[in-house]
Amino acid sequence: MDEYIVKWVPVGVVLWSLAFALARNSFQSRSFDFCNRIVSVCHACLAVTLASLTVQEWSCPVCPLASPSTPLQKQTLAVTVAYLIYDLICCMFDDHISLDNSIHHLVSIVGLGAGLVYGICGSEMVAALWLTEISSPFLHLRELLKEIGYKDTNLNFAADLSFAVIFTTARMVGGPYLTYVTLNADNPFLIKAMAVGLQLVSAFWFYKIARMVRYKVAKRRKPIKAF
């Protein structure tokens with residue numbers, strides 16, 4: 001693992017923490033969770049952008065398989081590992097600690113960290129990052145809208161539906177394909193295990209999201225507030 005990558009992660013943790021401090025200072029009347037989600041939206045947008053920039057050939061976004069990671073791929077992974085460490089620590093100080101979210105963070109940190117240590121399978125790792133983060137802005141938008149007074153509105157329902165559709169497409173269509181090619185490529189066992197683990201976590205979340213959508217659709221039959 002390149003020395004500058006080792007420096008990127010701790011520095012990144014500090015920078016994400018400073019971003020949270022800035023959000024807290026800017027939105028003093030808002031909750032701890034609200035400010036943390038602002039940082040999460042920023043990370044998701046940055047991660048998807050960086051991951052897109054690393055694609056070498058859009059006709060095969062995960063190619064070349066089991067190949068040495070490029071410097072940009074390593075930087076992209078390091079930025080996200082730093083964020084995940086920050087967010088895992090940050091969530092410990094929140095009023096409500098989510099066990100499934102903590103497990104997801106730990107699996108992601110170990111998986112992406114392994115990719116940095118081995119210095120290979122950068123294409124697969126960045127593709128996984130793209131698939132997992134593409135729905136994140138809508139995930140956090142749902143909660144942000146609730147806190148600013150748009151709970152149970154058409155706008156909040158649109159955010160719920162957008163998140164569900166994007167998550168399902170990315171995690172339950174693109175995810176299994178990525179897991180398949182990762183398992184069949186000449187990747188280290190730990191990378192393959194993390195790919196399976198992440199897909200299992202995604203399947204669990206898909207089940208919870210499906211229940212959420214069912215509840216929201218049923219609730220739509222009742223009168224709701226306009227925009």
# chains A, B, ... in the order shown; residues from 1 in each chain; ligands from 1
$ residues_around --residues "A:Ala23" --least-positions-apart "6" --cutoff "8 Å" --atoms "only C-alpha atoms" --output "compact mmCIF listing (two decimals) with N, CA and C atoms, in the first residue's frame"
# COMPACT_ATOMS: atom_id res chain seq x y z
N CYS A 35 -27.10 17.40 10.86
CA CYS A 35 -25.78 17.88 10.43
C CYS A 35 -24.92 16.74 9.90
N ASN A 36 -25.02 15.58 10.53
CA ASN A 36 -24.26 14.43 10.06
C ASN A 36 -24.72 14.00 8.67
N ILE A 38 -25.95 15.97 6.40
CA ILE A 38 -25.43 16.95 5.44
C ILE A 38 -24.04 16.52 4.95
N VAL A 39 -23.20 16.10 5.90
CA VAL A 39 -21.87 15.61 5.55
C VAL A 39 -21.97 14.35 4.70
$ residues_around --residues "A:Leu65" --least-positions-apart "3" --cutoff "7 Å" --atoms "only C-alpha atoms" --output "tab-separated table (two decimals) with N, CA, C and O atoms, in the first residue's frame"
chain	number	residue	atom	x	y	z
A	62	VAL	N	-16.45	-2.38	-14.90
A	62	VAL	CA	-15.69	-3.12	-13.89
A	62	VAL	C	-14.40	-3.70	-14.45
A	62	VAL	O	-13.70	-4.45	-13.76
A	121	CYS	N	-7.68	-5.13	-7.59
A	121	CYS	CA	-9.15	-5.15	-7.77
A	121	CYS	C	-9.76	-3.77	-7.55
A	121	CYS	O	-10.85	-3.64	-7.00
A	123	SER	N	-10.95	-1.77	-9.82
A	123	SER	CA	-12.15	-1.59	-10.65
A	123	SER	C	-13.38	-2.13	-9.92
A	123	SER	O	-14.44	-1.48	-9.89
A	124	GLU	N	-13.27	-3.33	-9.33
A	124	GLU	CA	-14.39	-3.92	-8.61
A	124	GLU	C	-14.77	-3.10	-7.38
A	124	GLU	O	-15.95	-2.88	-7.09
A	185	ALA	N	-13.37	-13.76	-10.60
A	185	ALA	CA	-12.06	-13.22	-10.95
A	185	ALA	C	-11.02	-13.72	-9.96
A	185	ALA	O	-11.35	-14.27	-8.90
$ closest_atom_pairs --of "stretch 55-114 of chain A" --to "stretch 200-220 of chain A" --cutoff "12 Å" --atoms "only C-alpha atoms" --output "Markdown table"
| residue | atom | partner | partner_atom | distance |
| --- | --- | --- | --- | --- |
| A:Leu99 | CA | A:Val201 | CA | 11.8 |
| A:Asp100 | CA | A:Val201 | CA | 8.1 |
| A:Asn101 | CA | A:Val201 | CA | 9.4 |
| A:Ser102 | CA | A:Val201 | CA | 11.1 |
| A:Ile103 | CA | A:Val201 | CA | 8.4 |
| A:His104 | CA | A:Val201 | CA | 6.7 |
| A:His105 | CA | A:Val201 | CA | 10.4 |
| A:Leu106 | CA | A:Val201 | CA | 11.3 |
| A:Val107 | CA | A:Val201 | CA | 9.0 |
| A:Ser108 | CA | A:Val201 | CA | 10.3 |
$ residues_around --residues "A:Leu178" --least-positions-apart "2" --cutoff "9 Å" --atoms "only C-alpha atoms" --output "PDB file with N, CA and C atoms, in the first residue's frame"
ATOM      1  N   VAL A  62     -16.450  -2.376 -14.902  1.00  0.00           N
ATOM      2  CA  VAL A  62     -15.691  -3.116 -13.889  1.00  0.00           C
ATOM      3  C   VAL A  62     -14.395  -3.696 -14.452  1.00  0.00           C
ATOM      4  N   GLU A 124     -13.265  -3.325  -9.331  1.00  0.00           N
ATOM      5  CA  GLU A 124     -14.387  -3.916  -8.613  1.00  0.00           C
ATOM      6  C   GLU A 124     -14.767  -3.100  -7.379  1.00  0.00           C
ATOM      7  N   ALA A 127     -16.429   0.166  -8.381  1.00  0.00           N
ATOM      8  CA  ALA A 127     -17.781  -0.122  -8.865  1.00  0.00           C
ATOM      9  C   ALA A 127     -18.725  -0.372  -7.692  1.00  0.00           C
ATOM     10  N   ALA A 128     -18.245  -1.097  -6.684  1.00  0.00           N
ATOM     11  CA  ALA A 128     -19.055  -1.340  -5.482  1.00  0.00           C
ATOM     12  C   ALA A 128     -19.351  -0.023  -4.773  1.00  0.00           C
ATOM     13  N   VAL A 173     -29.730  -5.318  -8.670  1.00  0.00           N
ATOM     14  CA  VAL A 173     -29.484  -5.661 -10.078  1.00  0.00           C
ATOM     15  C   VAL A 173     -27.980  -5.574 -10.353  1.00  0.00           C
ATOM     16  N   GLY A 174     -27.413  -4.394 -10.124  1.00  0.00           N
ATOM     17  CA  GLY A 174     -25.979  -4.243 -10.327  1.00  0.00           C
ATOM     18  C   GLY A 174     -25.156  -4.984  -9.288  1.00  0.00           C
ATOM     19  N   GLY A 175     -25.643  -5.034  -8.043  1.00  0.00           N
ATOM     20  CA  GLY A 175     -24.907  -5.681  -6.962  1.00  0.00           C
ATOM     21  C   GLY A 175     -24.625  -7.157  -7.195  1.00  0.00           C
ATOM     22  N   PRO A 176     -25.646  -7.973  -7.500  1.00  0.00           N
ATOM     23  CA  PRO A 176     -25.393  -9.397  -7.753  1.00  0.00           C
ATOM     24  C   PRO A 176     -24.442  -9.635  -8.922  1.00  0.00           C
ATOM     25  N   TYR A 180     -20.893 -11.503  -8.637  1.00  0.00           N
ATOM     26  CA  TYR A 180     -20.583 -12.661  -9.495  1.00  0.00           C
ATOM     27  C   TYR A 180     -19.219 -12.511 -10.164  1.00  0.00           C
ATOM     28  N   VAL A 181     -18.962 -11.359 -10.778  1.00  0.00           N
ATOM     29  CA  VAL A 181     -17.687 -11.191 -11.487  1.00  0.00           C
ATOM     30  C   VAL A 181     -16.527 -11.124 -10.500  1.00  0.00           C
ATOM     31  N   THR A 182     -16.778 -10.588  -9.298  1.00  0.00           N
ATOM     32  CA  THR A 182     -15.723 -10.523  -8.283  1.00  0.00           C
ATOM     33  C   THR A 182     -15.353 -11.924  -7.802  1.00  0.00           C
ATOM     34  N   LEU A 183     -16.352 -12.768  -7.614  1.00  0.00           N
ATOM     35  CA  LEU A 183     -16.097 -14.140  -7.158  1.00  0.00           C
ATOM     36  C   LEU A 183     -15.399 -14.974  -8.221  1.00  0.00           C
ATOM     37  N   ALA A 195     -17.317  -9.047  -0.667  1.00  0.00           N
ATOM     38  CA  ALA A 195     -18.318  -8.846  -1.726  1.00  0.00           C
ATOM     39  C   ALA A 195     -19.612  -9.570  -1.379  1.00  0.00           C
TER      40      ALA A 195
END
$ closest_residue --among "A:Arg221, A:Ser26, A:Cys63, A:Leu77" --to "A:Val117" --atoms "only C-alpha atoms"
A:Leu77
$ residues_around --residues "A:Pro64" --least-positions-apart "3" --cutoff "9 Å" --atoms "only C-alpha atoms" --output "CSV table (one decimal) with all heavy atoms, in the first residue's frame"
chain,number,residue,atom,x,y,z
A,56,GLN,N,-12.3,3.3,-16.7
A,56,GLN,CA,-11.4,3.3,-17.8
A,56,GLN,C,-12.2,3.0,-19.1
A,56,GLN,O,-11.7,3.5,-20.2
A,56,GLN,CB,-10.3,2.3,-17.6
A,56,GLN,CG,-9.5,2.5,-16.3
A,56,GLN,CD,-8.5,1.4,-16.1
A,56,GLN,OE1,-7.8,1.0,-17.1
A,56,GLN,NE2,-8.3,1.0,-14.9
A,57,GLU,N,-13.3,2.3,-19.1
A,57,GLU,CA,-14.0,2.0,-20.3
A,57,GLU,C,-15.5,1.8,-19.9
A,57,GLU,O,-15.8,0.8,-19.2
A,57,GLU,CB,-13.5,0.7,-21.0
A,57,GLU,CG,-14.2,0.3,-22.2
A,57,GLU,CD,-14.2,1.5,-23.2
A,57,GLU,OE1,-13.2,1.9,-23.7
A,57,GLU,OE2,-15.4,1.9,-23.6
A,60,CYS,N,-17.5,-1.4,-20.2
A,60,CYS,CA,-17.2,-2.4,-19.2
A,60,CYS,C,-16.7,-1.7,-18.0
A,60,CYS,O,-15.5,-1.7,-17.7
A,60,CYS,CB,-16.3,-3.5,-19.7
A,60,CYS,SG,-16.0,-4.8,-18.5
A,61,PRO,N,-17.6,-1.1,-17.2
A,61,PRO,CA,-17.2,-0.3,-16.0
A,61,PRO,C,-16.3,-1.0,-15.0
A,61,PRO,O,-15.5,-0.4,-14.3
A,61,PRO,CB,-18.5,0.2,-15.4
A,61,PRO,CG,-19.5,0.0,-16.5
A,61,PRO,CD,-19.0,-1.2,-17.3
A,67,SER,N,-7.1,-6.4,-11.4
A,67,SER,CA,-5.9,-5.8,-11.8
A,67,SER,C,-5.4,-4.8,-10.8
A,67,SER,O,-6.1,-4.4,-9.8
A,67,SER,CB,-6.2,-5.0,-13.1
A,67,SER,OG,-7.2,-4.0,-12.9
A,68,PRO,N,-4.1,-4.4,-10.9
A,68,PRO,CA,-3.6,-3.4,-9.9
A,68,PRO,C,-4.4,-2.1,-9.9
A,68,PRO,O,-4.9,-1.6,-11.0
A,68,PRO,CB,-2.2,-3.1,-10.5
A,68,PRO,CG,-1.8,-4.4,-11.2
A,68,PRO,CD,-3.1,-4.8,-11.8
A,121,CYS,N,-7.7,-5.1,-7.6
A,121,CYS,CA,-9.1,-5.1,-7.8
A,121,CYS,C,-9.8,-3.8,-7.5
A,121,CYS,O,-10.9,-3.6,-7.0
A,121,CYS,CB,-9.8,-6.2,-6.9
A,121,CYS,SG,-9.5,-6.1,-5.1
A,122,GLY,N,-9.1,-2.7,-8.0
A,122,GLY,CA,-9.6,-1.4,-7.9
A,122,GLY,C,-10.8,-1.1,-8.7
A,122,GLY,O,-11.7,-0.4,-8.2
A,123,SER,N,-10.9,-1.8,-9.8
A,123,SER,CA,-12.2,-1.6,-10.6
A,123,SER,C,-13.4,-2.1,-9.9
A,123,SER,O,-14.4,-1.5,-9.9
A,123,SER,CB,-12.0,-2.3,-12.0
A,123,SER,OG,-10.9,-1.8,-12.7
A,124,GLU,N,-13.3,-3.3,-9.3
A,124,GLU,CA,-14.4,-3.9,-8.6
A,124,GLU,C,-14.8,-3.1,-7.4
A,124,GLU,O,-16.0,-2.9,-7.1
A,124,GLU,CB,-14.1,-5.4,-8.2
A,124,GLU,CG,-13.8,-6.3,-9.3
A,124,GLU,CD,-12.3,-6.4,-9.7
A,124,GLU,OE1,-11.6,-5.4,-9.8
A,124,GLU,OE2,-11.8,-7.6,-9.8
$ residues_around --residues "A:Phe138" --least-positions-apart "2" --cutoff "12 Å" --atoms "only C-alpha atoms" --output "mmCIF file with all heavy atoms, in the first residue's frame"
data_model
loop_
_atom_site.group_PDB
_atom_site.id
_atom_site.type_symbol
_atom_site.label_atom_id
_atom_site.label_comp_id
_atom_site.auth_asym_id
_atom_site.auth_seq_id
_atom_site.Cartn_x
_atom_site.Cartn_y
_atom_site.Cartn_z
ATOM 1 N N ARG A 37 -26.022 14.101 8.425
ATOM 2 C CA ARG A 37 -26.553 13.721 7.108
ATOM 3 C C ARG A 37 -26.129 14.721 6.026
ATOM 4 O O ARG A 37 -25.983 14.338 4.868
ATOM 5 C CB ARG A 37 -28.078 13.589 7.178
ATOM 6 C CG ARG A 37 -28.543 12.368 7.950
ATOM 7 C CD ARG A 37 -30.051 12.203 7.926
ATOM 8 N NE ARG A 37 -30.464 11.081 8.752
ATOM 9 C CZ ARG A 37 -30.432 9.805 8.371
ATOM 10 N NH1 ARG A 37 -30.003 9.505 7.156
ATOM 11 N NH2 ARG A 37 -30.829 8.840 9.181
ATOM 12 N N ILE A 38 -25.950 15.971 6.396
ATOM 13 C CA ILE A 38 -25.430 16.953 5.437
ATOM 14 C C ILE A 38 -24.041 16.518 4.952
ATOM 15 O O ILE A 38 -23.732 16.550 3.753
ATOM 16 C CB ILE A 38 -25.345 18.352 6.080
ATOM 17 C CG1 ILE A 38 -26.750 18.923 6.346
ATOM 18 C CG2 ILE A 38 -24.539 19.307 5.193
ATOM 19 C CD1 ILE A 38 -27.541 19.261 5.115
ATOM 20 N N SER A 40 -22.924 13.485 5.039
ATOM 21 C CA SER A 40 -23.098 12.233 4.296
ATOM 22 C C SER A 40 -23.496 12.481 2.843
ATOM 23 O O SER A 40 -23.040 11.781 1.938
ATOM 24 C CB SER A 40 -24.155 11.363 4.986
ATOM 25 O OG SER A 40 -23.747 11.012 6.295
ATOM 26 N N VAL A 41 -24.355 13.476 2.623
ATOM 27 C CA VAL A 41 -24.751 13.835 1.259
ATOM 28 C C VAL A 41 -23.540 14.339 0.479
ATOM 29 O O VAL A 41 -23.338 13.974 -0.698
ATOM 30 C CB VAL A 41 -25.867 14.891 1.267
ATOM 31 C CG1 VAL A 41 -26.102 15.436 -0.137
ATOM 32 C CG2 VAL A 41 -27.159 14.304 1.816
ATOM 33 N N CYS A 42 -22.725 15.155 1.128
ATOM 34 C CA CYS A 42 -21.503 15.672 0.473
ATOM 35 C C CYS A 42 -20.577 14.524 0.089
ATOM 36 O O CYS A 42 -20.026 14.500 -1.015
ATOM 37 C CB CYS A 42 -20.779 16.643 1.401
ATOM 38 S SG CYS A 42 -21.676 18.187 1.716
ATOM 39 N N ALA A 44 -21.421 11.338 -0.428
ATOM 40 C CA ALA A 44 -22.025 10.523 -1.484
ATOM 41 C C ALA A 44 -21.811 11.145 -2.858
ATOM 42 O O ALA A 44 -21.438 10.453 -3.815
ATOM 43 C CB ALA A 44 -23.519 10.341 -1.208
ATOM 44 N N CYS A 45 -22.026 12.448 -2.956
ATOM 45 C CA CYS A 45 -21.836 13.141 -4.241
ATOM 46 C C CYS A 45 -20.376 13.093 -4.676
ATOM 47 O O CYS A 45 -20.069 12.853 -5.854
ATOM 48 C CB CYS A 45 -22.309 14.589 -4.122
ATOM 49 S SG CYS A 45 -24.082 14.769 -3.842
ATOM 50 N N GLU A 133 -23.245 4.085 -3.135
ATOM 51 C CA GLU A 133 -23.421 5.503 -2.807
ATOM 52 C C GLU A 133 -24.404 6.241 -3.727
ATOM 53 O O GLU A 133 -24.844 7.329 -3.390
ATOM 54 C CB GLU A 133 -22.072 6.230 -2.840
ATOM 55 C CG GLU A 133 -21.122 5.834 -1.733
ATOM 56 C CD GLU A 133 -21.677 6.138 -0.348
ATOM 57 O OE1 GLU A 133 -22.480 7.089 -0.205
ATOM 58 O OE2 GLU A 133 -21.325 5.410 0.597
ATOM 59 N N ILE A 134 -24.759 5.659 -4.846
ATOM 60 C CA ILE A 134 -25.617 6.365 -5.805
ATOM 61 C C ILE A 134 -26.994 6.678 -5.222
ATOM 62 O O ILE A 134 -27.632 7.678 -5.586
ATOM 63 C CB ILE A 134 -25.760 5.540 -7.115
ATOM 64 C CG1 ILE A 134 -26.420 6.373 -8.209
ATOM 65 C CG2 ILE A 134 -26.503 4.252 -6.858
ATOM 66 C CD1 ILE A 134 -25.605 7.548 -8.677
ATOM 67 N N SER A 135 -27.462 5.857 -4.286
ATOM 68 C CA SER A 135 -28.776 6.096 -3.682
ATOM 69 C C SER A 135 -28.703 6.879 -2.377
ATOM 70 O O SER A 135 -29.739 7.299 -1.843
ATOM 71 C CB SER A 135 -29.491 4.754 -3.422
ATOM 72 O OG SER A 135 -28.744 3.960 -2.514
ATOM 73 N N SER A 136 -27.500 7.087 -1.866
ATOM 74 C CA SER A 136 -27.332 7.721 -0.547
ATOM 75 C C SER A 136 -27.906 9.136 -0.445
ATOM 76 O O SER A 136 -28.504 9.474 0.582
ATOM 77 C CB SER A 136 -25.846 7.732 -0.149
ATOM 78 O OG SER A 136 -25.411 6.420 0.117
ATOM 79 N N HIS A 140 -30.625 10.188 2.619
ATOM 80 C CA HIS A 140 -30.490 11.251 3.611
ATOM 81 C C HIS A 140 -31.490 12.378 3.375
ATOM 82 O O HIS A 140 -31.952 13.014 4.325
ATOM 83 C CB HIS A 140 -29.059 11.788 3.592
ATOM 84 C CG HIS A 140 -28.037 10.738 3.927
ATOM 85 N ND1 HIS A 140 -28.009 10.119 5.158
ATOM 86 C CD2 HIS A 140 -27.039 10.187 3.189
ATOM 87 C CE1 HIS A 140 -27.021 9.226 5.168
ATOM 88 N NE2 HIS A 140 -26.425 9.259 3.992
ATOM 89 N N LEU A 141 -31.831 12.623 2.104
ATOM 90 C CA LEU A 141 -32.824 13.658 1.800
ATOM 91 C C LEU A 141 -34.156 13.351 2.477
ATOM 92 O O LEU A 141 -34.844 14.269 2.952
ATOM 93 C CB LEU A 141 -33.011 13.766 0.284
ATOM 94 C CG LEU A 141 -34.043 14.792 -0.200
ATOM 95 C CD1 LEU A 141 -33.647 16.199 0.229
ATOM 96 C CD2 LEU A 141 -34.185 14.718 -1.724
ATOM 97 N N ARG A 142 -34.522 12.078 2.545
ATOM 98 C CA ARG A 142 -35.766 11.683 3.194
ATOM 99 C C ARG A 142 -35.821 12.191 4.634
ATOM 100 O O ARG A 142 -36.825 12.753 5.076
ATOM 101 C CB ARG A 142 -35.901 10.155 3.206
ATOM 102 C CG ARG A 142 -35.993 9.526 1.839
ATOM 103 C CD ARG A 142 -35.842 8.012 1.922
ATOM 104 N NE ARG A 142 -36.844 7.419 2.796
ATOM 105 C CZ ARG A 142 -36.551 6.741 3.910
ATOM 106 N NH1 ARG A 142 -35.296 6.590 4.286
ATOM 107 N NH2 ARG A 142 -37.513 6.223 4.636
ATOM 108 N N GLU A 143 -34.727 12.006 5.358
ATOM 109 C CA GLU A 143 -34.687 12.404 6.764
ATOM 110 C C GLU A 143 -34.527 13.914 6.929
ATOM 111 O O GLU A 143 -35.077 14.504 7.856
ATOM 112 C CB GLU A 143 -33.553 11.667 7.480
ATOM 113 C CG GLU A 143 -33.654 10.152 7.410
ATOM 114 C CD GLU A 143 -34.964 9.636 7.995
ATOM 115 O OE1 GLU A 143 -35.445 10.215 8.991
ATOM 116 O OE2 GLU A 143 -35.509 8.661 7.443
ATOM 117 N N LEU A 144 -33.774 14.529 6.029
ATOM 118 C CA LEU A 144 -33.609 15.987 6.089
ATOM 119 C C LEU A 144 -34.945 16.692 5.887
ATOM 120 O O LEU A 144 -35.259 17.667 6.580
ATOM 121 C CB LEU A 144 -32.599 16.444 5.033
ATOM 122 C CG LEU A 144 -31.147 15.967 5.210
ATOM 123 C CD1 LEU A 144 -30.302 16.379 4.007
ATOM 124 C CD2 LEU A 144 -30.544 16.525 6.489
ATOM 125 N N LEU A 145 -35.728 16.195 4.933
ATOM 126 C CA LEU A 145 -37.041 16.791 4.656
ATOM 127 C C LEU A 145 -37.970 16.668 5.868
ATOM 128 O O LEU A 145 -38.742 17.581 6.174
ATOM 129 C CB LEU A 145 -37.678 16.136 3.439
ATOM 130 C CG LEU A 145 -37.063 16.481 2.086
ATOM 131 C CD1 LEU A 145 -37.658 15.607 0.984
ATOM 132 C CD2 LEU A 145 -37.271 17.953 1.753
ATOM 133 N N LEU A 155 -43.554 15.759 -1.496
ATOM 134 C CA LEU A 155 -42.116 15.878 -1.719
ATOM 135 C C LEU A 155 -41.362 14.770 -0.987
ATOM 136 O O LEU A 155 -40.441 14.153 -1.545
ATOM 137 C CB LEU A 155 -41.631 17.253 -1.249
ATOM 138 C CG LEU A 155 -40.149 17.561 -1.466
ATOM 139 C CD1 LEU A 155 -39.797 17.486 -2.945
ATOM 140 C CD2 LEU A 155 -39.794 18.930 -0.899
ATOM 141 N N ASN A 156 -41.762 14.506 0.246
ATOM 142 C CA ASN A 156 -41.114 13.449 1.019
ATOM 143 C C ASN A 156 -41.390 12.073 0.412
ATOM 144 O O ASN A 156 -40.502 11.209 0.374
ATOM 145 C CB ASN A 156 -41.594 13.498 2.469
ATOM 146 C CG ASN A 156 -40.789 12.596 3.379
ATOM 147 O OD1 ASN A 156 -41.336 11.732 4.068
ATOM 148 N ND2 ASN A 156 -39.491 12.797 3.401
ATOM 149 N N PHE A 157 -42.606 11.881 -0.092
ATOM 150 C CA PHE A 157 -42.939 10.601 -0.738
ATOM 151 C C PHE A 157 -42.113 10.418 -2.009
ATOM 152 O O PHE A 157 -41.663 9.299 -2.309
ATOM 153 C CB PHE A 157 -44.430 10.553 -1.074
ATOM 154 C CG PHE A 157 -44.840 9.279 -1.759
ATOM 155 C CD1 PHE A 157 -44.940 8.098 -1.046
ATOM 156 C CD2 PHE A 157 -45.120 9.267 -3.123
ATOM 157 C CE1 PHE A 157 -45.316 6.910 -1.681
ATOM 158 C CE2 PHE A 157 -45.487 8.098 -3.752
ATOM 159 C CZ PHE A 157 -45.591 6.908 -3.032
ATOM 160 N N ALA A 158 -41.896 11.498 -2.755
ATOM 161 C CA ALA A 158 -41.075 11.426 -3.969
ATOM 162 C C ALA A 158 -39.642 11.027 -3.625
ATOM 163 O O ALA A 158 -39.015 10.235 -4.347
ATOM 164 C CB ALA A 158 -41.098 12.769 -4.694
ATOM 165 N N ALA A 159 -39.126 11.570 -2.520
ATOM 166 C CA ALA A 159 -37.778 11.213 -2.076
ATOM 167 C C ALA A 159 -37.726 9.743 -1.660
ATOM 168 O O ALA A 159 -36.757 9.034 -1.973
ATOM 169 C CB ALA A 159 -37.354 12.112 -0.921
ATOM 170 N N ASP A 160 -38.759 9.285 -0.946
ATOM 171 C CA ASP A 160 -38.835 7.877 -0.540
ATOM 172 C C ASP A 160 -38.818 6.957 -1.759
ATOM 173 O O ASP A 160 -38.068 5.976 -1.808
ATOM 174 C CB ASP A 160 -40.120 7.625 0.261
ATOM 175 C CG ASP A 160 -40.074 8.204 1.656
ATOM 176 O OD1 ASP A 160 -38.963 8.395 2.183
ATOM 177 O OD2 ASP A 160 -41.150 8.480 2.211
ATOM 178 N N LEU A 161 -39.663 7.287 -2.731
ATOM 179 C CA LEU A 161 -39.790 6.443 -3.916
ATOM 180 C C LEU A 161 -38.507 6.463 -4.749
ATOM 181 O O LEU A 161 -38.065 5.419 -5.259
ATOM 182 C CB LEU A 161 -40.976 6.908 -4.758
ATOM 183 C CG LEU A 161 -41.455 5.954 -5.860
ATOM 184 C CD1 LEU A 161 -41.858 4.616 -5.268
ATOM 185 C CD2 LEU A 161 -42.611 6.566 -6.630
ATOM 186 N N SER A 162 -37.897 7.638 -4.888
ATOM 187 C CA SER A 162 -36.650 7.753 -5.650
ATOM 188 C C SER A 162 -35.555 6.908 -5.008
ATOM 189 O O SER A 162 -34.807 6.196 -5.689
ATOM 190 C CB SER A 162 -36.212 9.215 -5.718
ATOM 191 O OG SER A 162 -37.168 9.996 -6.405
ATOM 192 N N PHE A 163 -35.470 6.999 -3.682
ATOM 193 C CA PHE A 163 -34.469 6.201 -2.973
ATOM 194 C C PHE A 163 -34.702 4.713 -3.186
ATOM 195 O O PHE A 163 -33.766 3.955 -3.480
ATOM 196 C CB PHE A 163 -34.508 6.532 -1.480
ATOM 197 C CG PHE A 163 -33.759 5.544 -0.629
ATOM 198 C CD1 PHE A 163 -32.383 5.420 -0.747
ATOM 199 C CD2 PHE A 163 -34.434 4.724 0.270
ATOM 200 C CE1 PHE A 163 -31.677 4.492 0.027
ATOM 201 C CE2 PHE A 163 -33.744 3.803 1.037
ATOM 202 C CZ PHE A 163 -32.368 3.689 0.918
ATOM 203 N N ALA A 164 -35.943 4.274 -3.053
ATOM 204 C CA ALA A 164 -36.262 2.854 -3.189
ATOM 205 C C ALA A 164 -35.933 2.333 -4.586
ATOM 206 O O ALA A 164 -35.348 1.250 -4.737
ATOM 207 C CB ALA A 164 -37.742 2.620 -2.870
ATOM 208 N N VAL A 165 -36.279 3.099 -5.606
ATOM 209 C CA VAL A 165 -36.036 2.667 -6.987
ATOM 210 C C VAL A 165 -34.543 2.608 -7.295
ATOM 211 O O VAL A 165 -34.041 1.625 -7.863
ATOM 212 C CB VAL A 165 -36.749 3.609 -7.978
ATOM 213 C CG1 VAL A 165 -36.318 3.310 -9.413
ATOM 214 C CG2 VAL A 165 -38.262 3.476 -7.854
ATOM 215 N N ILE A 166 -33.820 3.658 -6.919
ATOM 216 C CA ILE A 166 -32.376 3.703 -7.197
ATOM 217 C C ILE A 166 -31.641 2.635 -6.399
ATOM 218 O O ILE A 166 -30.748 1.948 -6.919
ATOM 219 C CB ILE A 166 -31.814 5.104 -6.885
ATOM 220 C CG1 ILE A 166 -32.443 6.132 -7.820
ATOM 221 C CG2 ILE A 166 -30.295 5.121 -7.025
ATOM 222 C CD1 ILE A 166 -32.083 7.570 -7.490
ATOM 223 N N PHE A 167 -31.996 2.468 -5.114
ATOM 224 C CA PHE A 167 -31.367 1.441 -4.282
ATOM 225 C C PHE A 167 -31.595 0.057 -4.871
ATOM 226 O O PHE A 167 -30.662 -0.744 -4.995
ATOM 227 C CB PHE A 167 -31.928 1.506 -2.862
ATOM 228 C CG PHE A 167 -31.301 0.512 -1.913
ATOM 229 C CD1 PHE A 167 -30.280 0.895 -1.072
ATOM 230 C CD2 PHE A 167 -31.743 -0.811 -1.873
ATOM 231 C CE1 PHE A 167 -29.693 -0.018 -0.198
ATOM 232 C CE2 PHE A 167 -31.166 -1.735 -1.013
ATOM 233 C CZ PHE A 167 -30.140 -1.328 -0.170
#
$ atom_distance --atom1 "atom CA of A:Ala47" --atom2 "atom CA of A:Lys192"
21.9 Å
$ residues_around --residues "A:Thr76" --least-positions-apart "3" --cutoff "7 Å" --atoms "only C-alpha atoms" --output "ChimeraX atom specification"
/A:47,50-51,72-73,79-80
$ atom_distance --atom1 "atom CA of A:Phe32" --atom2 "atom CA of A:Asp87"
12.1 Å
